[in-house]
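Engineer: My structure is stored as start-v9.cif, with mmCIF, C-alpha atoms (C1' of nucleotides).
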data_protein
loop_
_atom_site.label_atom_id
_atom_site.label_comp_id
_atom_site.auth_asym_id
_atom_site.auth_seq_id
_atom_site.Cartn_x
_atom_site.Cartn_y
_atom_site.Cartn_z
CA MET A 12 22.56 -25.43 -5.57
CA ARG A 13 21.63 -24.83 -1.95
CA TYR A 14 23.08 -25.89 1.35
CA LYS A 15 20.85 -27.13 4.13
CA ALA A 16 21.17 -23.83 5.98
CA GLY A 17 19.80 -21.94 2.99
CA LEU A 18 16.80 -24.22 2.64
CA GLU A 19 15.94 -23.83 6.31
CA THR A 20 16.17 -20.06 6.02
CA ARG A 21 13.93 -20.22 2.98
CA ASP A 22 11.31 -22.13 4.96
CA ARG A 23 11.49 -19.63 7.78
CA ILE A 24 11.03 -16.76 5.35
CA LEU A 25 7.98 -18.38 3.73
CA GLU A 26 6.41 -19.08 7.10
CA ALA A 27 7.09 -15.48 8.14
CA THR A 28 5.53 -14.21 4.91
CA ARG A 29 2.49 -16.40 5.45
CA SER A 30 1.89 -15.24 9.02
CA SER A 31 2.51 -11.62 8.10
CA ILE A 32 -0.04 -11.68 5.27
CA ALA A 33 -2.52 -13.46 7.51
CA GLU A 34 -2.10 -10.93 10.30
CA VAL A 35 -1.59 -7.58 8.63
CA GLY A 36 -2.56 -8.23 5.03
CA LEU A 37 -0.65 -7.79 1.83
CA GLU A 38 -0.26 -4.07 2.27
CA GLY A 39 1.14 -4.35 5.75
CA THR A 40 3.62 -7.05 4.80
CA THR A 41 7.05 -5.51 4.22
CA ILE A 42 10.54 -6.90 3.77
CA LYS A 43 11.23 -5.60 7.24
CA SER A 44 8.21 -7.36 8.79
CA ILE A 45 9.10 -10.59 7.03
CA CYS A 46 12.76 -10.43 8.03
CA GLU A 47 11.98 -9.69 11.66
CA ARG A 48 9.59 -12.63 11.92
CA ALA A 49 12.06 -14.89 10.15
CA ASN A 50 15.06 -13.59 12.12
CA VAL A 51 16.95 -12.78 8.96
CA LEU A 52 18.45 -9.66 7.40
CA PRO A 53 17.42 -8.22 4.02
CA GLY A 54 20.59 -9.49 2.38
CA SER A 55 19.62 -13.06 3.23
CA PHE A 56 16.12 -12.55 1.94
CA TYR A 57 17.41 -11.38 -1.43
CA ASN A 58 19.91 -14.18 -1.56
CA LEU A 59 16.98 -16.61 -1.61
CA PHE A 60 14.21 -14.67 -3.36
CA ASP A 61 14.38 -12.29 -6.30
CA SER A 62 11.71 -10.03 -4.87
CA LYS A 63 9.11 -9.68 -2.19
CA GLU A 64 6.53 -10.56 -4.80
CA GLN A 65 8.15 -13.91 -5.44
CA ALA A 66 7.82 -14.89 -1.80
CA VAL A 67 4.22 -13.69 -1.72
CA ILE A 68 3.31 -15.66 -4.83
CA THR A 69 4.86 -18.81 -3.39
CA VAL A 70 2.73 -18.43 -0.28
CA VAL A 71 -0.45 -17.70 -2.22
CA ARG A 72 0.10 -20.69 -4.46
CA GLY A 73 0.24 -22.83 -1.33
CA ALA A 74 -3.00 -21.32 -0.08
CA ILE A 75 -4.76 -21.97 -3.38
CA ASP A 76 -3.61 -25.58 -3.43
CA ALA A 77 -4.79 -26.07 0.14
CA VAL A 78 -8.36 -25.08 -0.78
CA ASP A 79 -8.76 -28.19 -2.86
CA PRO A 80 -8.36 -31.34 -0.80
CA ASP A 81 -8.87 -33.52 -3.87
CA PRO A 82 -6.54 -32.24 -6.55
CA ASP A 83 -6.83 -35.54 -8.39
CA HIS A 84 -10.36 -34.61 -9.16
CA LEU A 85 -11.92 -38.03 -8.86
CA GLY A 86 -15.31 -36.64 -9.74
CA THR A 87 -17.26 -38.24 -6.94
CA ASP A 88 -17.83 -35.22 -4.71
CA THR A 89 -21.31 -34.17 -3.83
CA LEU A 90 -22.14 -30.50 -3.51
CA ALA A 91 -22.32 -30.98 0.24
CA ASP A 92 -18.82 -32.53 0.19
CA LEU A 93 -17.41 -29.50 -1.58
CA VAL A 94 -19.02 -27.10 0.85
CA GLU A 95 -17.83 -29.13 3.84
CA ALA A 96 -14.31 -29.23 2.40
CA TYR A 97 -14.30 -25.45 2.14
CA ILE A 98 -15.59 -25.10 5.69
CA THR A 99 -12.86 -27.43 6.89
CA PHE A 100 -10.19 -25.49 5.07
CA LEU A 101 -11.41 -22.17 6.45
CA THR A 102 -11.69 -23.35 10.02
CA GLU A 103 -8.62 -25.56 10.25
CA GLN A 104 -6.02 -23.74 8.18
CA GLY A 105 -6.25 -20.36 9.85
CA ASP A 106 -3.31 -18.55 8.30
CA LEU A 107 -3.62 -20.06 4.84
CA ALA A 108 -7.34 -19.34 4.80
CA ARG A 109 -6.72 -15.71 5.66
CA VAL A 110 -4.13 -15.44 2.93
CA TYR A 111 -6.49 -17.06 0.46
CA ILE A 112 -9.45 -14.84 1.25
CA GLY A 113 -7.35 -11.73 1.47
CA ILE A 114 -5.82 -12.27 -1.94
CA ALA A 115 -8.78 -13.88 -3.68
CA VAL A 116 -10.87 -10.97 -2.90
CA LEU A 117 -8.85 -7.90 -2.50
CA GLY A 118 -5.18 -8.18 -2.99
CA SER A 119 -5.02 -9.32 -6.55
CA SER A 120 -6.05 -6.03 -8.07
CA ASN A 121 -2.52 -4.63 -8.27
CA ASN A 122 -0.68 -7.72 -9.23
CA SER A 123 -1.52 -9.22 -12.61
CA GLU A 124 0.34 -12.46 -11.87
CA LEU A 125 -1.73 -13.06 -8.74
CA ARG A 126 -4.88 -11.84 -10.43
CA GLY A 127 -4.54 -14.27 -13.34
CA ARG A 128 -3.78 -17.13 -11.03
CA MET A 129 -6.79 -16.41 -8.84
CA LEU A 130 -9.15 -16.04 -11.80
CA ARG A 131 -8.06 -19.40 -13.21
CA HIS A 132 -8.49 -20.94 -9.80
CA HIS A 133 -11.97 -19.50 -9.49
CA GLU A 134 -12.95 -20.84 -12.92
CA GLY A 135 -11.80 -24.30 -11.94
CA ARG A 136 -13.71 -24.10 -8.71
CA VAL A 137 -16.94 -23.10 -10.43
CA THR A 138 -16.54 -25.99 -12.88
CA ARG A 139 -15.99 -28.36 -10.00
CA PHE A 140 -19.17 -27.19 -8.26
CA ALA A 141 -21.15 -27.30 -11.51
CA GLU A 142 -20.14 -30.93 -12.07
CA ALA A 143 -21.25 -31.84 -8.58
CA ILE A 144 -24.62 -30.20 -9.16
CA GLN A 145 -24.94 -32.04 -12.46
CA ARG A 146 -24.39 -35.36 -10.74
CA GLU A 147 -27.43 -34.60 -8.61
CA HIS A 148 -29.45 -33.04 -11.44
CA PRO A 149 -28.46 -34.68 -14.72
CA ASP A 150 -31.13 -32.92 -16.72
CA MET A 151 -30.14 -29.38 -15.86
CA SER A 152 -28.83 -27.23 -18.72
CA ASP A 153 -25.16 -26.23 -18.79
CA GLY A 154 -26.00 -22.56 -18.45
CA GLU A 155 -28.15 -23.18 -15.41
CA LEU A 156 -25.48 -25.42 -13.86
CA LYS A 157 -22.84 -22.77 -14.27
CA ARG A 158 -25.07 -20.04 -12.96
CA ARG A 159 -25.92 -21.97 -9.82
CA ALA A 160 -22.32 -22.90 -9.24
CA GLU A 161 -21.25 -19.27 -9.59
CA THR A 162 -23.87 -18.07 -7.17
CA LEU A 163 -22.83 -20.64 -4.61
CA VAL A 164 -19.08 -20.08 -4.90
CA SER A 165 -19.47 -16.31 -4.65
CA ALA A 166 -21.84 -16.55 -1.72
CA LEU A 167 -19.46 -18.90 0.09
CA ASN A 168 -16.62 -16.46 -0.48
CA GLY A 169 -18.77 -13.68 0.94
CA ILE A 170 -19.33 -15.69 4.08
CA ALA A 171 -15.65 -16.61 4.38
CA LEU A 172 -14.75 -13.00 3.87
CA HIS A 173 -16.91 -11.77 6.66
CA ARG A 174 -14.90 -13.87 9.05
CA VAL A 175 -11.88 -11.71 8.29
CA LEU A 176 -13.81 -8.81 9.80
CA ASP A 177 -15.49 -10.75 12.57
CA LYS A 178 -13.45 -13.51 14.17
CA ASP A 179 -16.49 -15.10 15.80
CA PHE A 180 -18.56 -15.36 12.64
CA ASP A 181 -19.88 -18.90 12.35
CA ILE A 182 -18.77 -19.90 8.88
CA ALA A 183 -20.02 -23.46 9.08
CA THR A 184 -23.63 -22.67 9.98
CA HIS A 185 -23.94 -19.91 7.42
CA SER A 186 -22.34 -21.93 4.65
CA ARG A 187 -24.60 -24.91 5.25
CA ALA A 188 -27.59 -22.58 5.31
CA LEU A 189 -26.87 -21.71 1.69
CA LEU A 190 -27.39 -25.33 0.73
CA SER A 191 -30.28 -26.13 3.00
CA GLY A 192 -32.48 -23.40 1.59
CA ALA A 193 -32.78 -21.56 4.87
CA LEU A 194 -32.63 -18.24 3.09
CA ASN A 195 -36.02 -18.60 1.50
CA PRO A 196 -38.43 -20.08 3.96
CA LEU A 197 -41.56 -18.99 2.10
CA MET B 26 -15.35 30.57 5.35
CA ARG B 27 -14.74 29.48 1.77
CA TYR B 28 -15.01 31.20 -1.57
CA LYS B 29 -16.88 29.57 -4.41
CA ALA B 30 -13.61 28.62 -6.08
CA GLY B 31 -12.54 26.66 -3.03
CA LEU B 32 -15.81 24.75 -2.85
CA GLU B 33 -15.56 23.83 -6.50
CA THR B 34 -12.01 22.62 -6.00
CA ARG B 35 -13.19 20.62 -3.02
CA ASP B 36 -15.82 18.91 -5.17
CA ARG B 37 -13.26 18.15 -7.87
CA ILE B 38 -10.93 16.62 -5.28
CA LEU B 39 -13.68 14.43 -3.83
CA GLU B 40 -14.73 13.27 -7.27
CA ALA B 41 -11.07 12.54 -8.10
CA THR B 42 -10.69 10.60 -4.86
CA ARG B 43 -13.82 8.62 -5.61
CA SER B 44 -12.77 7.65 -9.12
CA SER B 45 -9.24 6.83 -8.00
CA ILE B 46 -10.42 4.48 -5.25
CA ALA B 47 -12.88 2.90 -7.68
CA GLU B 48 -10.22 2.33 -10.33
CA VAL B 49 -7.04 1.51 -8.47
CA GLY B 50 -8.23 0.83 -4.95
CA LEU B 51 -7.29 2.38 -1.67
CA GLU B 52 -3.68 1.31 -1.92
CA GLY B 53 -3.21 2.78 -5.37
CA THR B 54 -4.80 6.08 -4.42
CA THR B 55 -2.10 8.65 -3.64
CA ILE B 56 -2.09 12.40 -3.18
CA LYS B 57 -0.43 12.56 -6.58
CA SER B 58 -3.11 10.45 -8.29
CA ILE B 59 -5.85 12.50 -6.68
CA CYS B 60 -4.26 15.82 -7.58
CA GLU B 61 -3.66 14.82 -11.18
CA ARG B 62 -7.28 13.75 -11.65
CA ALA B 63 -8.54 16.90 -9.96
CA ASN B 64 -6.07 19.17 -11.76
CA VAL B 65 -4.77 20.60 -8.53
CA LEU B 66 -1.42 20.78 -6.76
CA PRO B 67 -0.69 19.26 -3.36
CA GLY B 68 -0.78 22.63 -1.65
CA SER B 69 -4.38 23.14 -2.74
CA PHE B 70 -5.32 19.71 -1.53
CA TYR B 71 -3.95 20.46 1.92
CA ASN B 72 -5.60 23.85 1.94
CA LEU B 73 -8.96 22.05 1.81
CA PHE B 74 -8.32 18.76 3.62
CA ASP B 75 -6.26 18.01 6.69
CA SER B 76 -5.08 14.68 5.32
CA LYS B 77 -5.57 12.14 2.59
CA GLU B 78 -7.49 10.06 5.07
CA GLN B 79 -10.02 12.83 5.59
CA ALA B 80 -10.84 12.92 1.87
CA VAL B 81 -11.07 9.13 1.76
CA ILE B 82 -13.42 8.99 4.72
CA THR B 83 -15.66 11.63 3.18
CA VAL B 84 -15.92 9.55 0.02
CA VAL B 85 -16.55 6.31 1.88
CA ARG B 86 -19.24 7.91 4.01
CA GLY B 87 -21.00 8.90 0.78
CA ALA B 88 -20.75 5.35 -0.52
CA ILE B 89 -22.18 3.90 2.68
CA ASP B 90 -25.09 6.33 2.63
CA ALA B 91 -25.80 5.53 -1.01
CA VAL B 92 -26.32 1.85 -0.20
CA ASP B 93 -29.44 2.65 1.73
CA PRO B 94 -32.07 4.39 -0.35
CA ASP B 95 -34.43 4.66 2.63
CA PRO B 96 -32.44 6.20 5.46
CA ASP B 97 -35.66 7.20 7.20
CA HIS B 98 -36.22 3.55 7.83
CA LEU B 99 -39.97 3.46 7.37
CA GLY B 100 -40.03 -0.22 8.17
CA THR B 101 -42.09 -1.29 5.20
CA ASP B 102 -39.44 -2.94 3.04
CA THR B 103 -39.80 -6.53 2.05
CA LEU B 104 -36.73 -8.73 1.77
CA ALA B 105 -37.08 -8.57 -1.98
CA ASP B 106 -37.14 -4.77 -1.82
CA LEU B 107 -33.88 -4.70 0.10
CA VAL B 108 -32.20 -7.06 -2.33
CA GLU B 109 -33.45 -5.07 -5.31
CA ALA B 110 -32.22 -1.85 -3.72
CA TYR B 111 -28.76 -3.34 -3.35
CA ILE B 112 -28.78 -4.55 -6.94
CA THR B 113 -29.80 -1.07 -8.09
CA PHE B 114 -27.05 0.54 -6.07
CA LEU B 115 -24.43 -1.86 -7.42
CA THR B 116 -25.45 -1.54 -11.04
CA GLU B 117 -26.25 2.15 -11.19
CA GLN B 118 -23.65 3.73 -8.94
CA GLY B 119 -20.56 2.21 -10.49
CA ASP B 120 -17.82 4.17 -8.75
CA LEU B 121 -19.51 4.39 -5.38
CA ALA B 122 -20.27 0.69 -5.48
CA ARG B 123 -16.64 -0.10 -6.15
CA VAL B 124 -15.56 2.14 -3.30
CA TYR B 125 -18.08 0.50 -1.01
CA ILE B 126 -17.11 -3.05 -1.84
CA GLY B 127 -13.43 -2.27 -1.83
CA ILE B 128 -13.54 -0.77 1.63
CA ALA B 129 -16.21 -2.99 3.14
CA VAL B 130 -14.23 -5.98 2.30
CA LEU B 131 -10.60 -5.22 2.20
CA GLY B 132 -9.58 -1.72 2.91
CA SER B 133 -10.73 -1.30 6.43
CA SER B 134 -8.06 -3.48 7.98
CA ASN B 135 -5.50 -0.68 8.34
CA ASN B 136 -7.75 2.14 9.25
CA SER B 137 -9.64 1.85 12.51
CA GLU B 138 -11.89 4.82 11.72
CA LEU B 139 -13.05 3.18 8.49
CA ARG B 140 -13.23 -0.21 10.10
CA GLY B 141 -15.49 0.98 12.91
CA ARG B 142 -17.71 2.82 10.50
CA MET B 143 -18.08 -0.19 8.25
CA LEU B 144 -18.77 -2.58 11.12
CA ARG B 145 -21.54 -0.34 12.44
CA HIS B 146 -22.96 -0.06 8.95
CA HIS B 147 -22.95 -3.83 8.58
CA GLU B 148 -24.72 -4.29 11.91
CA GLY B 149 -27.42 -1.86 10.85
CA ARG B 150 -27.81 -3.62 7.57
CA VAL B 151 -28.22 -7.03 9.19
CA THR B 152 -30.84 -5.60 11.54
CA ARG B 153 -32.68 -4.11 8.60
CA PHE B 154 -32.75 -7.43 6.79
CA ALA B 155 -33.78 -9.29 9.92
CA GLU B 156 -36.74 -6.97 10.41
CA ALA B 157 -37.86 -7.53 6.84
CA ILE B 158 -37.69 -11.28 7.32
CA GLN B 159 -39.65 -10.95 10.53
CA ARG B 160 -42.42 -9.10 8.73
CA GLU B 161 -42.82 -12.13 6.51
CA HIS B 162 -42.30 -14.68 9.30
CA PRO B 163 -43.57 -13.22 12.55
CA ASP B 164 -43.08 -16.44 14.50
CA MET B 165 -39.40 -16.89 13.80
CA SER B 166 -37.04 -16.59 16.79
CA ASP B 167 -34.70 -13.62 17.07
CA GLY B 168 -31.64 -15.82 16.78
CA GLU B 169 -32.90 -17.45 13.64
CA LEU B 170 -33.85 -14.09 12.15
CA LYS B 171 -30.40 -12.71 12.76
CA ARG B 172 -28.69 -15.80 11.43
CA ARG B 173 -30.66 -15.73 8.19
CA ALA B 174 -30.07 -12.02 7.75
CA GLU B 175 -26.33 -12.46 8.27
CA THR B 176 -26.14 -15.27 5.77
CA LEU B 177 -27.98 -13.24 3.18
CA VAL B 178 -26.01 -10.02 3.65
CA SER B 179 -22.68 -11.85 3.51
CA ALA B 180 -23.70 -13.85 0.47
CA LEU B 181 -24.84 -10.69 -1.30
CA ASN B 182 -21.52 -9.06 -0.53
CA GLY B 183 -19.72 -12.08 -1.96
CA ILE B 184 -21.66 -11.71 -5.19
CA ALA B 185 -21.04 -7.97 -5.34
CA LEU B 186 -17.41 -8.57 -4.67
CA HIS B 187 -16.99 -10.97 -7.51
CA ARG B 188 -18.03 -8.23 -9.88
CA VAL B 189 -14.91 -6.31 -8.93
CA LEU B 190 -12.92 -9.18 -10.45
CA ASP B 191 -15.26 -9.90 -13.37
CA LYS B 192 -16.93 -6.90 -14.97
CA ASP B 193 -19.48 -9.05 -16.77
CA PHE B 194 -20.66 -10.91 -13.69
CA ASP B 195 -24.44 -10.73 -13.57
CA ILE B 196 -25.09 -9.41 -10.08
CA ALA B 197 -28.85 -9.15 -10.47
CA THR B 198 -29.51 -12.75 -11.50
CA HIS B 199 -27.19 -14.20 -8.86
CA SER B 200 -28.55 -12.00 -6.09
CA ARG B 201 -32.16 -12.91 -6.88
CA ALA B 202 -31.17 -16.58 -7.00
CA LEU B 203 -30.24 -16.37 -3.33
CA LEU B 204 -33.81 -15.47 -2.49
CA SER B 205 -35.56 -17.75 -4.90
CA GLY B 206 -33.95 -20.86 -3.50
CA ALA B 207 -32.27 -21.78 -6.75
CA LEU B 208 -29.21 -22.99 -4.88
CA ASN B 209 -30.91 -26.03 -3.47
CA PRO B 210 -33.13 -27.61 -6.05
CA LEU B 211 -33.39 -30.96 -4.32
"C1'" DC C 9 -11.22 50.53 -5.82
"C1'" DA C 10 -8.80 49.32 -1.85
"C1'" DG C 11 -7.65 45.77 1.43
"C1'" DT C 12 -8.05 41.41 3.47
"C1'" DA C 13 -8.96 36.76 3.41
"C1'" DA C 14 -9.03 32.65 0.58
"C1'" DT C 15 -6.68 30.18 -2.80
"C1'" DT C 16 -2.99 28.40 -5.63
"C1'" DT C 17 1.72 27.51 -6.56
"C1'" DG C 18 5.55 24.34 -6.62
"C1'" DA C 19 9.77 23.48 -4.55
"C1'" DG C 20 11.11 21.21 -0.38
"C1'" DT C 21 11.09 17.93 4.00
"C1'" DG C 22 11.21 13.76 6.39
"C1'" DT C 23 10.06 8.96 6.28
"C1'" DT C 24 9.71 4.47 4.72
"C1'" DA C 25 9.58 1.21 1.26
"C1'" DA C 26 12.09 -2.25 -1.86
"C1'" DC C 27 16.19 -3.55 -3.15
"C1'" DT C 28 21.73 -3.67 -3.80
"C1'" DC C 29 26.46 -4.51 -2.70
"C1'" DT C 30 30.70 -5.81 -0.57
"C1'" DA C 31 32.91 -7.95 2.89
"C1'" DA C 32 32.85 -11.52 6.45
"C1'" DT C 33 31.53 -16.05 7.73
"C1'" DT C 34 29.98 -20.76 7.22
"C1'" DT C 35 29.29 -25.01 4.69
"C1'" DG C 36 30.52 -29.36 2.77
"C1'" DA C 37 32.80 -32.02 -1.07
"C1'" DA C 38 37.36 -33.69 -2.47
"C1'" DT D 29 42.41 -29.94 5.70
"C1'" DT D 30 41.51 -27.02 1.86
"C1'" DC D 31 38.99 -24.08 -0.72
"C1'" DA D 32 35.30 -22.65 -3.71
"C1'" DA D 33 30.66 -21.94 -3.35
"C1'" DA D 34 26.82 -20.71 -0.45
"C1'" DT D 35 25.19 -17.91 3.07
"C1'" DT D 36 24.83 -13.94 6.12
"C1'" DA D 37 25.61 -9.29 7.69
"C1'" DG D 38 24.31 -4.67 7.55
"C1'" DA D 39 25.26 -0.19 5.70
"C1'" DG D 40 23.83 2.17 1.57
"C1'" DT D 41 20.93 3.55 -2.63
"C1'" DT D 42 16.89 5.03 -4.99
"C1'" DA D 43 12.26 6.12 -5.38
"C1'" DA D 44 7.78 7.15 -3.83
"C1'" DC D 45 5.01 8.57 -0.27
"C1'" DA D 46 2.32 12.05 2.80
"C1'" DC D 47 2.72 16.39 4.00
"C1'" DT D 48 4.64 21.63 4.67
"C1'" DC D 49 5.47 26.35 3.66
"C1'" DA D 50 6.40 31.02 2.02
"C1'" DA D 51 5.38 33.58 -1.72
"C1'" DA D 52 2.30 34.83 -5.60
"C1'" DT D 53 -2.29 35.25 -7.18
"C1'" DT D 54 -7.20 35.59 -7.07
"C1'" DA D 55 -11.87 36.41 -5.03
"C1'" DC D 56 -14.87 38.91 -2.43
"C1'" DT D 57 -16.43 42.85 0.90
"C1'" DG D 58 -17.17 47.48 2.40
#
What's the structure tokens form of this structure?

Structural biologist:
Amino acid sequence: MRYKAGLETRDRILEATRSSIAEVGLEGTTIKSICERANVLPGSFYNLFDSKEQAVITVVRGAIDAVDPDPDHLGTDTLADLVEAYITFLTEQGDLARVYIGIAVLGSSNNSELRGRMLRHHEGRVTRFAEAIQREHPDMSDGELKRRAETLVSALNGIALHRVLDKDFDIATHSRALLSGALNPL
Amino acid sequence: MRYKAGLETRDRILEATRSSIAEVGLEGTTIKSICERANVLPGSFYNLFDSKEQAVITVVRGAIDAVDPDPDHLGTDTLADLVEAYITFLTEQGDLARVYIGIAVLGSSNNSELRGRMLRHHEGRVTRFAEAIQREHPDMSDGELKRRAETLVSALNGIALHRVLDKDFDIATHSRALLSGALNPL
DNA sequence: CAGTAATTTGAGTGTTAACTCTAATTTGAA
DNA sequence: TTCAAATTAGAGTTAACACTCAAATTACTG
């Protein structure tokens, strides 16, 4: 049972955790950095969360959910829709996108809970892309569908990742280039 | 001036640092983990290196150099050659490849020395790819050349990165698919 | 076979991290 | 208004980290 004050503090702590991961990464995010951003003392943090990891996982779960704008999975997306949705997520949800990329790619190695969650998420994403390709190419074999989906999802992640290093990197143009065949102009 | 014993210890420490970064990442690599792998005590480590960071940078520099099998830059590589060289590096230099991907992508955020080094390396790599594209398409504009090179390098890194999460991921097939246009079979 | 310089030892230092605990304060239902 | 439960405060604990240092040992040179 929680009072209103506790729930508000909890929200502040999660927002602080999110911004801290986005700005300084998982490694740089400490109880101290979270508490300072949230204007809270360690005792309050541990009154609401069992561990730092619990707060981090809550934030990451939110980031994973935000990647997929159609959780109901209506099955009508085109490949271009999926790519555009990813571009939109990356460009419009700054902090969450940074958390997502940071963890998807690098942070999960230590933490088996996060790692498992991210791997399952990735599997689902590849399936989603494969189904979209199949809608456009009904005769393609399952193996080929999966292979193409994997290439595309990994390549998109590579592009998203580079933005973490270079703030001005134009994600949208590069992502669309993957689909338009601009890599192989022979 | 160093005795032979010291040089051998130095090699053991660098090899230990390399394998530690490859296995448990930069964050999991501690003086203790290095010294245990190298069969050395902390005092010996600090007799040969000024800091942990110095050993790490030495290892990373080796990984960066190993990516490029033609440092003389003869200017005769085709795009396919460059992609194949990267595939070879990733598949045949297991530990170094893991170090490279780990740092290129995630580890450099804390460390400005590493970050600067990696950014310069990336720039050089994009230029290299752009020149290879130009050799095949002499009429393409500089902007377009750079854009295509950036897309390709980032996408390749995304594919390489996914192998860190999934040991069985087939880097070679997916990397070649980027060039062959198999992403966009419309 | 000195003697000196390099190397190794391993206990020790200072710092910072996550997390705990008790007491004080605030909340809100009866 | 009362009072038990929820919340907050903040000093304190434990552990792990990078790194130091004086003494013991080993490697090479003349």

Engineer: Provide as a list in words the residues of chain D at most 12 Å from chain A, counting all atoms listed in the file.

Structural biologist: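 Residues of chain D within 12 Å of chain A, counting all atoms listed in the file: DA33, DA34, DT35, DT36, DA37, DG38 and DA39 of chain D.
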
Engineer: Around all the atoms of region 29-47 of chain D listed in the file, draw an axis-aligned box and extend it by 6 Å on each of the six sides; I want its centre and edge lengths in Å to one decimal, as AutoDock Vina command-line options.

Structural biologist:
--center_x 22.4 --center_y -6.8 --center_z 1.2 --size_x 52.1 --size_y 58.3 --size_z 25.1

Engineer: Would you kindly report the residues of chain C within 7 Å of chain B, using all atoms listed in the file, as a CSV table (one decimal) with C-alpha atoms (C1' of nucleotides), in the coordinates of the input?

Structural biologist:
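See result-v8.csv below for the written result:
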chain,number,residue,atom,x,y,z
C,14,DA,C1',-9.0,32.6,0.6
C,15,DT,C1',-6.7,30.2,-2.8
C,16,DT,C1',-3.0,28.4,-5.6

Engineer: Give me, as a PDB file with C-alpha atoms, keeping the file's coordinate frame, the contact residues of chain B against chain A at a cut-off of 7 Å, counting only C-alpha atoms.

Structural biologist:
ATOM      1  CA  LEU B 131     -10.600  -5.220   2.200  1.00  0.00           C
ATOM      2  CA  ARG B 173     -30.660 -15.730   8.190  1.00  0.00           C
ATOM      3  CA  THR B 176     -26.140 -15.270   5.770  1.00  0.00           C
ATOM      4  CA  LEU B 177     -27.980 -13.240   3.180  1.00  0.00           C
ATOM      5  CA  SER B 179     -22.680 -11.850   3.510  1.00  0.00           C
ATOM      6  CA  ALA B 180     -23.700 -13.850   0.470  1.00  0.00           C
ATOM      7  CA  LEU B 181     -24.840 -10.690  -1.300  1.00  0.00           C
ATOM      8  CA  ASN B 182     -21.520  -9.060  -0.530  1.00  0.00           C
ATOM      9  CA  GLY B 183     -19.720 -12.080  -1.960  1.00  0.00           C
ATOM     10  CA  ILE B 184     -21.660 -11.710  -5.190  1.00  0.00           C
ATOM     11  CA  HIS B 187     -16.990 -10.970  -7.510  1.00  0.00           C
ATOM     12  CA  HIS B 199     -27.190 -14.200  -8.860  1.00  0.00           C
ATOM     13  CA  LEU B 204     -33.810 -15.470  -2.490  1.00  0.00           C
ATOM     14  CA  SER B 205     -35.560 -17.750  -4.900  1.00  0.00           C
ATOM     15  CA  GLY B 206     -33.950 -20.860  -3.500  1.00  0.00           C
ATOM     16  CA  LEU B 208     -29.210 -22.990  -4.880  1.00  0.00           C
ATOM     17  CA  ASN B 209     -30.910 -26.030  -3.470  1.00  0.00           C
TER      18      ASN B 209
END

Engineer: Excluding DC45 (chain D) and residues on its chain fewer than 5 positions from it, collect all residues at most 12 Å away from it, counting only C-alpha atoms (C1' of nucleotides), and give them as a ChimeraX atom specification.

Structural biologist: /B:52-58,77 /C:21-25

Engineer: One decimal, Å: what's the distance from CA of Arg150 (chain B) over to CA of Asp90 (chain B), could you say?

Structural biologist: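 Value for the CA of Arg150 (chain B)-CA of Asp90 (chain B) distance: 11.4 Å.
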
Engineer: Specify as JSON, numbers by chain each residue included when the PyMOL selection byres ((chain A and resi 66) around 12) is applied to this file.

Structural biologist: {"A": [21, 22, 23, 24, 25, 26, 27, 28, 29, 31, 32, 37, 40, 41, 42, 45, 46, 56, 57, 59, 60, 61, 62, 63, 64, 65, 67, 68, 69, 70, 71, 72, 73, 125]}

Engineer: Any chance you could export the current selection's C-alpha atoms as a JSON list (two decimals), keeping the file's coordinate frame?

Structural biologist:
[["chain", "number", "residue", "atom", "x", "y", "z"],
["A", 21, "ARG", "CA", 13.93, -20.22, 2.98],
["A", 22, "ASP", "CA", 11.31, -22.13, 4.96],
["A", 23, "ARG", "CA", 11.49, -19.63, 7.78],
["A", 24, "ILE", "CA", 11.03, -16.76, 5.35],
["A", 25, "LEU", "CA", 7.98, -18.38, 3.73],
["A", 26, "GLU", "CA", 6.41, -19.08, 7.10],
["A", 27, "ALA", "CA", 7.09, -15.48, 8.14],
["A", 28, "THR", "CA", 5.53, -14.21, 4.91],
["A", 29, "ARG", "CA", 2.49, -16.40, 5.45],
["A", 31, "SER", "CA", 2.51, -11.62, 8.10],
["A", 32, "ILE", "CA", -0.04, -11.68, 5.27],
["A", 37, "LEU", "CA", -0.65, -7.79, 1.83],
["A", 40, "THR", "CA", 3.62, -7.05, 4.80],
["A", 41, "THR", "CA", 7.05, -5.51, 4.22],
["A", 42, "ILE", "CA", 10.54, -6.90, 3.77],
["A", 45, "ILE", "CA", 9.10, -10.59, 7.03],
["A", 46, "CYS", "CA", 12.76, -10.43, 8.03],
["A", 56, "PHE", "CA", 16.12, -12.55, 1.94],
["A", 57, "TYR", "CA", 17.41, -11.38, -1.43],
["A", 59, "LEU", "CA", 16.98, -16.61, -1.61],
["A", 60, "PHE", "CA", 14.21, -14.67, -3.36],
["A", 61, "ASP", "CA", 14.38, -12.29, -6.30],
["A", 62, "SER", "CA", 11.71, -10.03, -4.87],
["A", 63, "LYS", "CA", 9.11, -9.68, -2.19],
["A", 64, "GLU", "CA", 6.53, -10.56, -4.80],
["A", 65, "GLN", "CA", 8.15, -13.91, -5.44],
["A", 67, "VAL", "CA", 4.22, -13.69, -1.72],
["A", 68, "ILE", "CA", 3.31, -15.66, -4.83],
["A", 69, "THR", "CA", 4.86, -18.81, -3.39],
["A", 70, "VAL", "CA", 2.73, -18.43, -0.28],
["A", 71, "VAL", "CA", -0.45, -17.70, -2.22],
["A", 72, "ARG", "CA", 0.10, -20.69, -4.46],
["A", 73, "GLY", "CA", 0.24, -22.83, -1.33],
["A", 125, "LEU", "CA", -1.73, -13.06, -8.74]]
